[in-house]
$ cat structure_8.cif   # mmCIF, C-alpha atoms and all ligand atoms
data_start
loop_
_atom_site.label_atom_id
_atom_site.label_comp_id
_atom_site.auth_asym_id
_atom_site.auth_seq_id
_atom_site.Cartn_x
_atom_site.Cartn_y
_atom_site.Cartn_z
CA MET U 1 36.20 15.21 8.41
CA TYR U 2 33.49 12.60 7.96
CA ARG U 3 33.19 9.36 6.09
CA ILE U 4 30.24 7.30 4.90
CA VAL U 5 30.73 3.53 4.82
CA ALA U 6 28.20 0.99 3.55
CA ASP U 7 28.15 -2.76 3.09
CA SER U 8 28.20 -4.09 -0.45
CA SER U 9 24.49 -4.94 -0.51
CA SER U 10 23.98 -1.23 -1.23
CA ASN U 11 25.53 -1.63 -4.71
CA ILE U 12 27.15 1.78 -4.12
CA LYS U 13 30.07 2.40 -6.45
CA ARG U 14 31.59 5.64 -5.25
CA ALA U 15 35.26 6.27 -4.62
CA ASP U 16 34.45 8.30 -1.49
CA ILE U 17 32.20 5.64 0.07
CA PRO U 18 34.08 2.48 1.02
CA SER U 19 32.00 -0.61 0.34
CA VAL U 20 32.49 -3.38 2.88
CA PRO U 21 32.04 -6.70 1.09
CA LEU U 22 29.75 -9.57 1.95
CA THR U 23 30.71 -12.91 0.42
CA ILE U 24 28.85 -15.60 -1.46
CA SER U 25 30.11 -19.14 -1.17
CA THR U 26 29.37 -22.61 -2.41
CA ASP U 27 31.11 -25.87 -1.48
CA GLU U 28 33.66 -25.15 -4.22
CA LYS U 29 33.99 -21.41 -4.68
CA GLU U 30 33.84 -18.06 -3.00
CA PHE U 31 32.78 -14.74 -4.53
CA VAL U 32 33.77 -11.58 -2.71
CA ASP U 33 31.43 -8.67 -3.34
CA ASP U 34 34.16 -6.18 -4.22
CA GLU U 35 35.74 -4.82 -7.41
CA THR U 36 36.89 -8.33 -8.34
CA TYR U 37 33.28 -9.48 -8.65
CA ASN U 38 32.30 -10.62 -12.13
CA GLY U 39 28.54 -10.90 -12.54
CA GLU U 40 28.52 -13.07 -15.68
CA GLU U 41 30.88 -15.51 -14.04
CA MET U 42 28.95 -15.91 -10.78
CA VAL U 43 25.46 -15.98 -12.24
CA SER U 44 26.33 -18.52 -14.93
CA TYR U 45 28.29 -20.65 -12.46
CA LEU U 46 25.35 -20.70 -10.00
CA LYS U 47 22.99 -21.77 -12.79
CA SER U 48 24.84 -25.03 -13.28
CA TYR U 49 25.88 -25.56 -9.66
CA LYS U 50 23.50 -27.81 -7.76
CA GLY U 51 24.96 -27.92 -4.23
CA ARG U 52 24.69 -25.65 -1.22
CA SER U 53 25.28 -21.93 -1.47
CA GLY U 54 25.05 -19.10 0.99
CA SER U 55 26.31 -15.71 2.07
CA ALA U 56 28.32 -14.25 4.91
CA CYS U 57 28.34 -10.76 6.35
CA PRO U 58 31.46 -8.67 7.00
CA SER U 59 33.29 -9.04 10.31
CA SER U 60 33.80 -6.14 12.69
CA GLU U 61 37.44 -6.01 11.50
CA ASP U 62 36.24 -5.54 7.93
CA TRP U 63 34.11 -2.59 9.01
CA LEU U 64 36.94 -1.16 11.14
CA SER U 65 39.39 -1.14 8.28
CA ALA U 66 36.88 0.78 6.16
CA PHE U 67 36.47 3.41 8.90
CA GLY U 68 40.04 4.63 8.24
CA ASP U 69 40.81 7.56 10.50
CA ALA U 70 37.77 9.77 10.02
CA GLU U 71 36.46 11.81 12.94
CA PHE U 72 32.80 11.16 12.15
CA ILE U 73 31.63 7.95 10.57
CA PHE U 74 28.20 7.18 9.17
CA CYS U 75 27.88 3.48 8.67
CA ILE U 76 24.98 2.03 6.67
CA ALA U 77 24.10 -1.65 7.07
CA ILE U 78 21.70 -4.05 5.38
CA THR U 79 18.60 -4.85 7.48
CA SER U 80 19.55 -6.44 10.80
CA HIS U 81 16.62 -8.84 10.43
CA LEU U 82 18.23 -10.69 7.55
CA SER U 83 21.96 -10.27 8.17
CA GLY U 84 24.57 -10.01 10.91
CA ALA U 85 26.19 -7.01 9.17
CA TYR U 86 24.50 -4.49 11.47
CA ASN U 87 25.71 -6.37 14.54
CA SER U 88 29.31 -6.55 13.38
CA ALA U 89 29.17 -2.84 12.53
CA ARG U 90 27.98 -2.09 16.08
CA ILE U 91 30.95 -4.01 17.46
CA ALA U 92 33.27 -2.04 15.16
CA LYS U 93 31.68 1.19 16.42
CA GLU U 94 32.35 0.28 20.08
CA GLU U 95 35.96 -0.55 19.29
CA TYR U 96 36.59 2.52 17.17
CA GLU U 97 35.09 4.90 19.70
CA SER U 98 36.98 3.41 22.61
CA GLU U 99 40.28 3.40 20.71
CA HIS U 100 39.82 7.00 19.52
CA PRO U 101 38.16 9.12 22.20
CA GLY U 102 36.27 12.01 20.63
CA ARG U 103 35.53 10.25 17.37
CA LYS U 104 31.99 9.16 16.67
CA VAL U 105 30.37 6.38 14.67
CA HIS U 106 26.65 6.05 13.97
CA VAL U 107 25.40 2.77 12.54
CA PHE U 108 22.19 2.96 10.55
CA ASP U 109 20.13 -0.21 10.40
CA SER U 110 18.68 0.47 6.95
CA LEU U 111 15.95 -2.16 7.56
CA SER U 112 16.44 -2.53 3.82
CA THR U 113 19.15 -2.94 1.22
CA GLY U 114 20.09 -1.90 -2.35
CA GLY U 115 19.15 1.56 -3.56
CA GLU U 116 17.50 2.55 -0.30
CA MET U 117 20.96 2.44 1.30
CA GLU U 118 22.32 4.76 -1.38
CA LEU U 119 19.46 7.20 -0.78
CA ILE U 120 20.42 7.20 2.90
CA ALA U 121 24.05 7.93 1.95
CA GLU U 122 23.00 10.84 -0.24
CA LYS U 123 20.82 12.27 2.52
CA ILE U 124 23.81 12.22 4.87
CA ASP U 125 25.90 14.16 2.33
CA ALA U 126 23.12 16.67 1.77
CA LEU U 127 22.62 17.39 5.48
CA MET U 128 26.38 17.58 6.15
CA ALA U 129 26.65 20.07 3.28
CA GLU U 130 24.07 22.20 5.06
CA GLY U 131 26.49 22.38 7.98
CA LYS U 132 24.44 20.38 10.46
CA ASP U 133 26.22 18.72 13.37
CA PHE U 134 26.75 14.96 13.67
CA ASP U 135 23.92 14.21 16.11
CA THR U 136 21.40 16.29 14.15
CA VAL U 137 22.36 14.57 10.91
CA CYS U 138 22.00 11.14 12.55
CA ARG U 139 18.58 12.03 13.90
CA GLU U 140 17.27 13.54 10.67
CA VAL U 141 18.62 10.72 8.53
CA GLU U 142 17.03 8.10 10.83
CA GLU U 143 13.75 9.91 10.33
CA TYR U 144 14.25 10.10 6.55
CA ALA U 145 15.06 6.38 6.40
CA GLU U 146 11.96 5.53 8.40
CA LYS U 147 9.49 7.79 6.63
CA ASN U 148 10.78 8.79 3.21
CA ALA U 149 13.05 6.04 1.87
CA HIS U 150 11.55 2.78 0.61
CA LEU U 151 12.43 -0.40 -1.21
CA LEU U 152 10.31 -2.48 -3.55
CA PHE U 153 11.50 -5.46 -5.53
CA CYS U 154 10.37 -7.69 -8.35
CA LEU U 155 11.90 -11.17 -8.51
CA LYS U 156 11.56 -14.17 -10.77
CA SER U 157 12.75 -16.62 -8.17
CA LEU U 158 12.95 -16.77 -4.39
CA THR U 159 15.00 -19.96 -4.38
CA ASN U 160 18.21 -18.61 -2.86
CA LEU U 161 16.27 -16.54 -0.32
CA ALA U 162 14.28 -19.61 0.75
CA ASN U 163 17.28 -21.96 0.81
CA ASN U 164 19.01 -19.56 3.17
CA GLY U 165 16.02 -19.04 5.45
CA ARG U 166 15.41 -15.42 4.44
CA VAL U 167 11.84 -16.03 3.32
CA SER U 168 9.25 -18.63 4.23
CA GLY U 169 9.05 -21.81 2.19
CA ALA U 170 5.41 -21.00 1.40
CA ALA U 171 6.37 -17.68 -0.15
CA ALA U 172 9.10 -19.38 -2.14
CA LYS U 173 6.80 -22.01 -3.62
CA ILE U 174 4.80 -19.47 -5.58
CA SER U 175 7.91 -18.39 -7.40
CA SER U 176 8.47 -21.82 -8.87
CA LEU U 177 5.40 -21.30 -11.05
CA LEU U 178 6.10 -20.41 -14.63
CA ASN U 179 6.60 -16.79 -15.57
CA LEU U 180 5.46 -15.39 -12.24
CA ARG U 181 7.03 -12.25 -10.83
CA ILE U 182 7.02 -11.74 -7.11
CA VAL U 183 6.47 -8.13 -6.17
CA GLY U 184 7.33 -7.19 -2.62
CA ARG U 185 8.96 -4.71 -0.33
CA ALA U 186 11.23 -4.26 2.63
CA SER U 187 8.66 -4.06 5.44
CA ASN U 188 8.73 -1.46 8.20
CA VAL U 189 10.54 -3.93 10.42
CA GLY U 190 13.11 -4.82 7.77
CA GLU U 191 11.77 -8.11 6.58
CA LEU U 192 10.92 -9.31 3.12
CA GLU U 193 7.21 -8.87 2.54
CA VAL U 194 5.51 -10.34 -0.53
CA LEU U 195 2.84 -7.97 -1.84
CA SER U 196 1.62 -9.73 -4.93
CA LYS U 197 2.39 -12.06 -7.79
CA ALA U 198 2.09 -10.84 -11.33
CA ARG U 199 2.03 -12.87 -14.51
CA GLY U 200 4.87 -11.73 -16.73
CA GLU U 201 6.72 -8.47 -16.82
CA LYS U 202 3.90 -6.76 -18.69
CA ASN U 203 1.77 -6.99 -15.54
CA ALA U 204 4.56 -6.71 -12.99
CA LEU U 205 5.74 -3.23 -13.97
CA PRO U 206 2.40 -1.44 -13.61
CA GLU U 207 1.95 -3.34 -10.35
CA LEU U 208 5.30 -2.06 -9.07
CA PHE U 209 4.50 1.48 -10.10
CA LYS U 210 1.11 1.25 -8.37
CA TYR U 211 2.83 0.23 -5.11
CA MET U 212 5.38 3.02 -5.50
CA LYS U 213 2.58 5.57 -5.65
CA GLU U 214 0.69 3.92 -2.79
CA MET U 215 3.84 4.22 -0.69
CA GLY U 216 3.99 7.93 -1.42
CA TYR U 217 6.17 8.25 -4.52
CA ASN U 218 5.63 11.65 -6.05
CA GLY U 219 8.39 12.24 -8.58
CA GLY U 220 11.45 12.08 -6.30
CA LYS U 221 14.65 10.07 -6.60
CA VAL U 222 14.61 6.43 -7.71
CA ILE U 223 17.52 3.99 -7.86
CA ILE U 224 16.82 0.77 -9.75
CA SER U 225 19.36 -2.05 -9.32
CA HIS U 226 19.08 -5.01 -11.64
CA CYS U 227 20.56 -8.47 -11.99
CA PHE U 228 20.83 -9.02 -15.74
CA ALA U 229 17.48 -7.29 -16.23
CA GLU U 230 18.49 -4.04 -17.86
CA ASN U 231 15.43 -4.04 -20.14
CA THR U 232 13.12 -4.42 -17.16
CA ALA U 233 14.89 -1.56 -15.37
CA ASP U 234 14.67 0.63 -18.50
CA ALA U 235 10.98 -0.16 -18.95
CA LEU U 236 10.21 0.75 -15.34
CA LYS U 237 12.20 3.96 -15.73
CA SER U 238 10.11 4.90 -18.80
CA LEU U 239 6.89 4.14 -16.95
CA ILE U 240 7.94 6.39 -14.05
CA LEU U 241 9.05 9.17 -16.42
CA SER U 242 5.82 9.03 -18.37
CA ALA U 243 3.94 10.04 -15.21
CA PHE U 244 6.62 12.18 -13.52
CA HIS U 245 8.60 13.98 -16.23
CA ASP U 246 11.24 15.39 -13.89
CA ALA U 247 11.77 12.26 -11.81
CA LYS U 248 15.41 11.50 -11.10
CA VAL U 249 15.66 7.83 -11.99
CA ARG U 250 19.04 6.06 -12.03
CA ILE U 251 19.86 2.50 -12.93
CA ASN U 252 22.78 0.45 -11.63
CA THR U 253 23.78 -3.20 -11.50
CA CYS U 254 23.53 -5.51 -8.52
CA GLY U 255 26.77 -6.58 -6.90
CA ALA U 256 27.33 -10.16 -5.75
CA LEU U 257 25.10 -10.11 -2.67
CA CYS U 258 22.03 -8.64 -4.35
CA SER U 259 22.61 -10.75 -7.46
CA PHE U 260 22.76 -13.92 -5.40
CA TYR U 261 19.45 -13.23 -3.64
CA ALA U 262 17.56 -11.27 -6.30
CA GLU U 263 18.74 -13.79 -8.95
CA GLU U 264 18.79 -13.34 -12.68
CA GLY U 265 15.93 -11.12 -13.87
CA GLY U 266 15.41 -9.50 -10.47
CA ILE U 267 15.26 -5.77 -9.79
CA LEU U 268 15.30 -3.70 -6.59
CA ILE U 269 13.79 -0.23 -6.51
CA GLY U 270 14.91 2.26 -3.88
CA PHE U 271 12.78 5.40 -3.94
CA GLU U 272 11.80 8.49 -1.99
CA SER U 273 8.38 9.65 -0.89
O1 LIG K 1 24.56 -11.73 6.21
C1 LIG K 1 24.29 -12.25 5.12
O2 LIG K 1 24.73 -13.36 4.81
C2 LIG K 1 23.42 -11.49 4.15
C3 LIG K 1 22.03 -12.00 4.05
C4 LIG K 1 21.14 -11.12 3.19
C5 LIG K 1 19.79 -11.70 2.92
C6 LIG K 1 18.82 -10.86 2.14
C7 LIG K 1 19.34 -10.14 0.96
C8 LIG K 1 18.28 -9.59 0.04
C9 LIG K 1 18.85 -9.03 -1.24
C10 LIG K 1 16.59 -9.43 -2.36
C11 LIG K 1 15.34 -8.67 -2.46
C12 LIG K 1 15.12 -7.55 -1.48
C13 LIG K 1 14.60 -7.98 -0.13
C14 LIG K 1 14.46 -6.84 0.84
C15 LIG K 1 14.19 -7.29 2.22
C16 LIG K 1 14.42 -6.28 3.29
C17 LIG K 1 17.88 -8.62 -2.27
#
$ encode --input "structure_8.cif" --output "structure tokens"
Amino acid sequence: MYRIVADSSSNIKRADIPSVPLTISTDEKEFVDDETYNGEEMVSYLKSYKGRSGSACPSSEDWLSAFGDAEFIFCIAITSHLSGAYNSARIAKEEYESEHPGRKVHVFDSLSTGGEMELIAEKIDALMAEGKDFDTVCREVEEYAEKNAHLLFCLKSLTNLANNGRVSGAAAKISSLLNLRIVGRASNVGELEVLSKARGEKNALPELFKYMKEMGYNGGKVIISHCFAENTADALKSLILSAFHDAKVRINTCGALCSFYAEEGGILIGFES
């Protein structure tokens, strides 16, 4: 019996994959990234709120309670370069394995977030369905994550990322300019890398698609997560489908963590090469 567990930055909404919530907080309020999260409420509140705001990763206890009593656990965490979630998951792994001899936990540092984490989850399911053993699955999924799973993003604002030290102030400044879209990716070392700035969505979408192809996209799976940018997500999906008719493109909505950092109008694109 195995179980996949991911933190809520993955935006995974599957009954069989427990989502371990991160939290967003301001001086007045806290938003837990679980089924109680209401996107309209948080995004409109943050628009008028002018004070400090930030996020917090799950504790090792939070991870442990999601592990349940499975024999094999595959745990998928947001990039360790931007969050402590990977670290707390490692602590949970040590505890779980020492409390239950014979059980195994593997923690994947996704070096990414959003849809790329869901692609990793689906790869685990696919390899387990082929009957591969735990260690083989871990090894092959690590390789898949490194070579074949990618994340691009297109954001209107980097304000919350910059205010929380997740991107340099210089990178954030460009976003304050009117109608600019910042196109970037999760780098190979799991950091936010700005690739280009595009004026308006009309230019940003072809730019994104160009980077997808440069990074090896060839008609495989795509998961687009948006923060109140459904039209943008739909338009990108159409652009992808116009070139790759059989592409498997899905669209979902950002949970609290991705909404806080991607901000209104932002999209994340997890895809396979
Ligand atoms: O532990 C914590 O408090 C969580 C901090 C997370 C900070 C980054 C979240 C990024 C969310 C924004 C665009 C994608 C960037 C990808 C970089 C690897 C989404």
$ residues_around --input "structure_8.cif" --residues "stretch 144-158 of chain U" --least-positions-apart "2" --cutoff "7 Å" --atoms "all atoms listed in the file" --output "PyMOL selection string"
chain U and resi 110+112+116+120+140-142+160-162+172+175-176+180-186+262-263+265-273
$ residues_near_point --input "structure_8.cif" --point "(30.7, -9.1, 0.4)" --cutoff "6 Å" --atoms "only C-alpha atoms" --output "list in words"
Ser8, Pro21, Leu22, Thr23, Val32 and Asp33 of chain U
$ residues_around --input "structure_8.cif" --residues "U:Tyr96" --least-positions-apart "4" --cutoff "12 Å" --atoms "all atoms listed in the file" --output "ChimeraX atom specification"
/U:60-61,63-73,89-92,100-106
$ closest_residue --input "structure_8.cif" --among "U:Leu127, U:Val222, U:Cys258, U:Leu239" --to "ligand LIG 1 (chain K)" --atoms "all atoms listed in the file"
U:Cys258
$ closest_residue --input "structure_8.cif" --among "U:Phe244, U:Tyr261, U:Phe209, U:Phe228" --to "ligand LIG 1 (chain K)" --atoms "all atoms listed in the file"
U:Tyr261
$ decode --input "structure_8.cif" --residues "stretch 100-134 of chain U" --atoms "N, CA and C atoms" --output "mmCIF file, in the first residue's frame"
data_model
loop_
_atom_site.group_PDB
_atom_site.id
_atom_site.type_symbol
_atom_site.label_atom_id
_atom_site.label_comp_id
_atom_site.auth_asym_id
_atom_site.auth_seq_id
_atom_site.Cartn_x
_atom_site.Cartn_y
_atom_site.Cartn_z
ATOM 1 N N HIS U 100 8.216 3.326 12.578
ATOM 2 C CA HIS U 100 7.615 2.175 11.885
ATOM 3 C C HIS U 100 8.667 1.456 11.062
ATOM 4 N N PRO U 101 9.486 0.627 11.706
ATOM 5 C CA PRO U 101 10.538 -0.060 10.954
ATOM 6 C C PRO U 101 9.937 -0.833 9.778
ATOM 7 N N GLY U 102 10.604 -0.723 8.625
ATOM 8 C CA GLY U 102 10.112 -1.426 7.435
ATOM 9 C C GLY U 102 9.351 -0.517 6.494
ATOM 10 N N ARG U 103 8.782 0.554 7.036
ATOM 11 C CA ARG U 103 8.079 1.488 6.145
ATOM 12 C C ARG U 103 9.076 2.475 5.550
ATOM 13 N N LYS U 104 8.746 2.971 4.384
ATOM 14 C CA LYS U 104 9.684 3.866 3.703
ATOM 15 C C LYS U 104 9.020 5.150 3.215
ATOM 16 N N VAL U 105 9.764 6.237 3.351
ATOM 17 C CA VAL U 105 9.291 7.538 2.852
ATOM 18 C C VAL U 105 10.370 8.100 1.936
ATOM 19 N N HIS U 106 9.982 8.567 0.765
ATOM 20 C CA HIS U 106 10.925 9.307 -0.079
ATOM 21 C C HIS U 106 10.392 10.724 -0.251
ATOM 22 N N VAL U 107 11.238 11.705 0.017
ATOM 23 C CA VAL U 107 10.822 13.094 -0.155
ATOM 24 C C VAL U 107 11.450 13.649 -1.427
ATOM 25 N N PHE U 108 10.592 14.056 -2.347
ATOM 26 C CA PHE U 108 11.071 14.680 -3.578
ATOM 27 C C PHE U 108 11.159 16.183 -3.360
ATOM 28 N N ASP U 109 12.336 16.743 -3.618
ATOM 29 C CA ASP U 109 12.455 18.197 -3.679
ATOM 30 C C ASP U 109 12.106 18.552 -5.124
ATOM 31 N N SER U 110 10.905 19.050 -5.345
ATOM 32 C CA SER U 110 10.459 19.274 -6.735
ATOM 33 C C SER U 110 11.306 20.332 -7.442
ATOM 34 N N LEU U 111 12.055 21.139 -6.664
ATOM 35 C CA LEU U 111 12.793 22.292 -7.227
ATOM 36 C C LEU U 111 11.845 23.158 -8.050
ATOM 37 N N SER U 112 10.557 23.074 -7.713
ATOM 38 C CA SER U 112 9.525 23.735 -8.493
ATOM 39 C C SER U 112 8.276 23.847 -7.623
ATOM 40 N N THR U 113 7.155 24.035 -8.267
ATOM 41 C CA THR U 113 5.884 24.092 -7.544
ATOM 42 C C THR U 113 4.752 23.863 -8.550
ATOM 43 N N GLY U 114 3.504 24.140 -8.131
ATOM 44 C CA GLY U 114 2.365 24.096 -9.051
ATOM 45 C C GLY U 114 2.244 22.794 -9.824
ATOM 46 N N GLY U 115 1.889 22.934 -11.103
ATOM 47 C CA GLY U 115 1.606 21.789 -11.956
ATOM 48 C C GLY U 115 2.752 20.810 -12.116
ATOM 49 N N GLU U 116 3.985 21.294 -11.958
ATOM 50 C CA GLU U 116 5.103 20.346 -12.078
ATOM 51 C C GLU U 116 5.024 19.306 -10.969
ATOM 52 N N MET U 117 4.516 19.702 -9.798
ATOM 53 C CA MET U 117 4.381 18.737 -8.699
ATOM 54 C C MET U 117 3.315 17.694 -9.022
ATOM 55 N N GLU U 118 2.258 18.127 -9.700
ATOM 56 C CA GLU U 118 1.208 17.170 -10.068
ATOM 57 C C GLU U 118 1.721 16.192 -11.132
ATOM 58 N N LEU U 119 2.548 16.683 -12.047
ATOM 59 C CA LEU U 119 3.138 15.780 -13.045
ATOM 60 C C LEU U 119 3.983 14.720 -12.345
ATOM 61 N N ILE U 120 4.712 15.132 -11.321
ATOM 62 C CA ILE U 120 5.540 14.188 -10.563
ATOM 63 C C ILE U 120 4.641 13.139 -9.892
ATOM 64 N N ALA U 121 3.527 13.603 -9.324
ATOM 65 C CA ALA U 121 2.581 12.666 -8.672
ATOM 66 C C ALA U 121 2.050 11.652 -9.687
ATOM 67 N N GLU U 122 1.715 12.124 -10.860
ATOM 68 C CA GLU U 122 1.156 11.219 -11.874
ATOM 69 C C GLU U 122 2.195 10.230 -12.385
ATOM 70 N N LYS U 123 3.441 10.658 -12.412
ATOM 71 C CA LYS U 123 4.517 9.742 -12.831
ATOM 72 C C LYS U 123 4.677 8.626 -11.792
ATOM 73 N N ILE U 124 4.571 8.989 -10.520
ATOM 74 C CA ILE U 124 4.676 7.972 -9.467
ATOM 75 C C ILE U 124 3.579 6.924 -9.653
ATOM 76 N N ASP U 125 2.339 7.391 -9.836
ATOM 77 C CA ASP U 125 1.216 6.456 -10.051
ATOM 78 C C ASP U 125 1.472 5.544 -11.248
ATOM 79 N N ALA U 126 1.962 6.149 -12.331
ATOM 80 C CA ALA U 126 2.155 5.365 -13.560
ATOM 81 C C ALA U 126 3.206 4.274 -13.351
ATOM 82 N N LEU U 127 4.303 4.612 -12.671
ATOM 83 C CA LEU U 127 5.370 3.620 -12.485
ATOM 84 C C LEU U 127 4.956 2.555 -11.469
ATOM 85 N N MET U 128 4.193 2.961 -10.439
ATOM 86 C CA MET U 128 3.697 1.969 -9.469
ATOM 87 C C MET U 128 2.738 1.003 -10.162
ATOM 88 N N ALA U 129 1.936 1.536 -11.091
ATOM 89 C CA ALA U 129 0.984 0.684 -11.819
ATOM 90 C C ALA U 129 1.719 -0.322 -12.699
ATOM 91 N N GLU U 130 2.935 0.019 -13.084
ATOM 92 C CA GLU U 130 3.733 -0.934 -13.870
ATOM 93 C C GLU U 130 4.348 -2.007 -12.997
ATOM 94 N N GLY U 131 4.153 -1.878 -11.678
ATOM 95 C CA GLY U 131 4.646 -2.908 -10.763
ATOM 96 C C GLY U 131 6.092 -2.740 -10.333
ATOM 97 N N LYS U 132 6.643 -1.545 -10.538
ATOM 98 C CA LYS U 132 8.041 -1.324 -10.145
ATOM 99 C C LYS U 132 8.154 -1.211 -8.618
ATOM 100 N N ASP U 133 9.339 -1.545 -8.100
ATOM 101 C CA ASP U 133 9.504 -1.459 -6.643
ATOM 102 C C ASP U 133 9.806 -0.021 -6.211
ATOM 103 N N PHE U 134 9.667 0.212 -4.915
ATOM 104 C CA PHE U 134 9.782 1.558 -4.343
ATOM 105 C C PHE U 134 11.061 2.287 -4.777
#
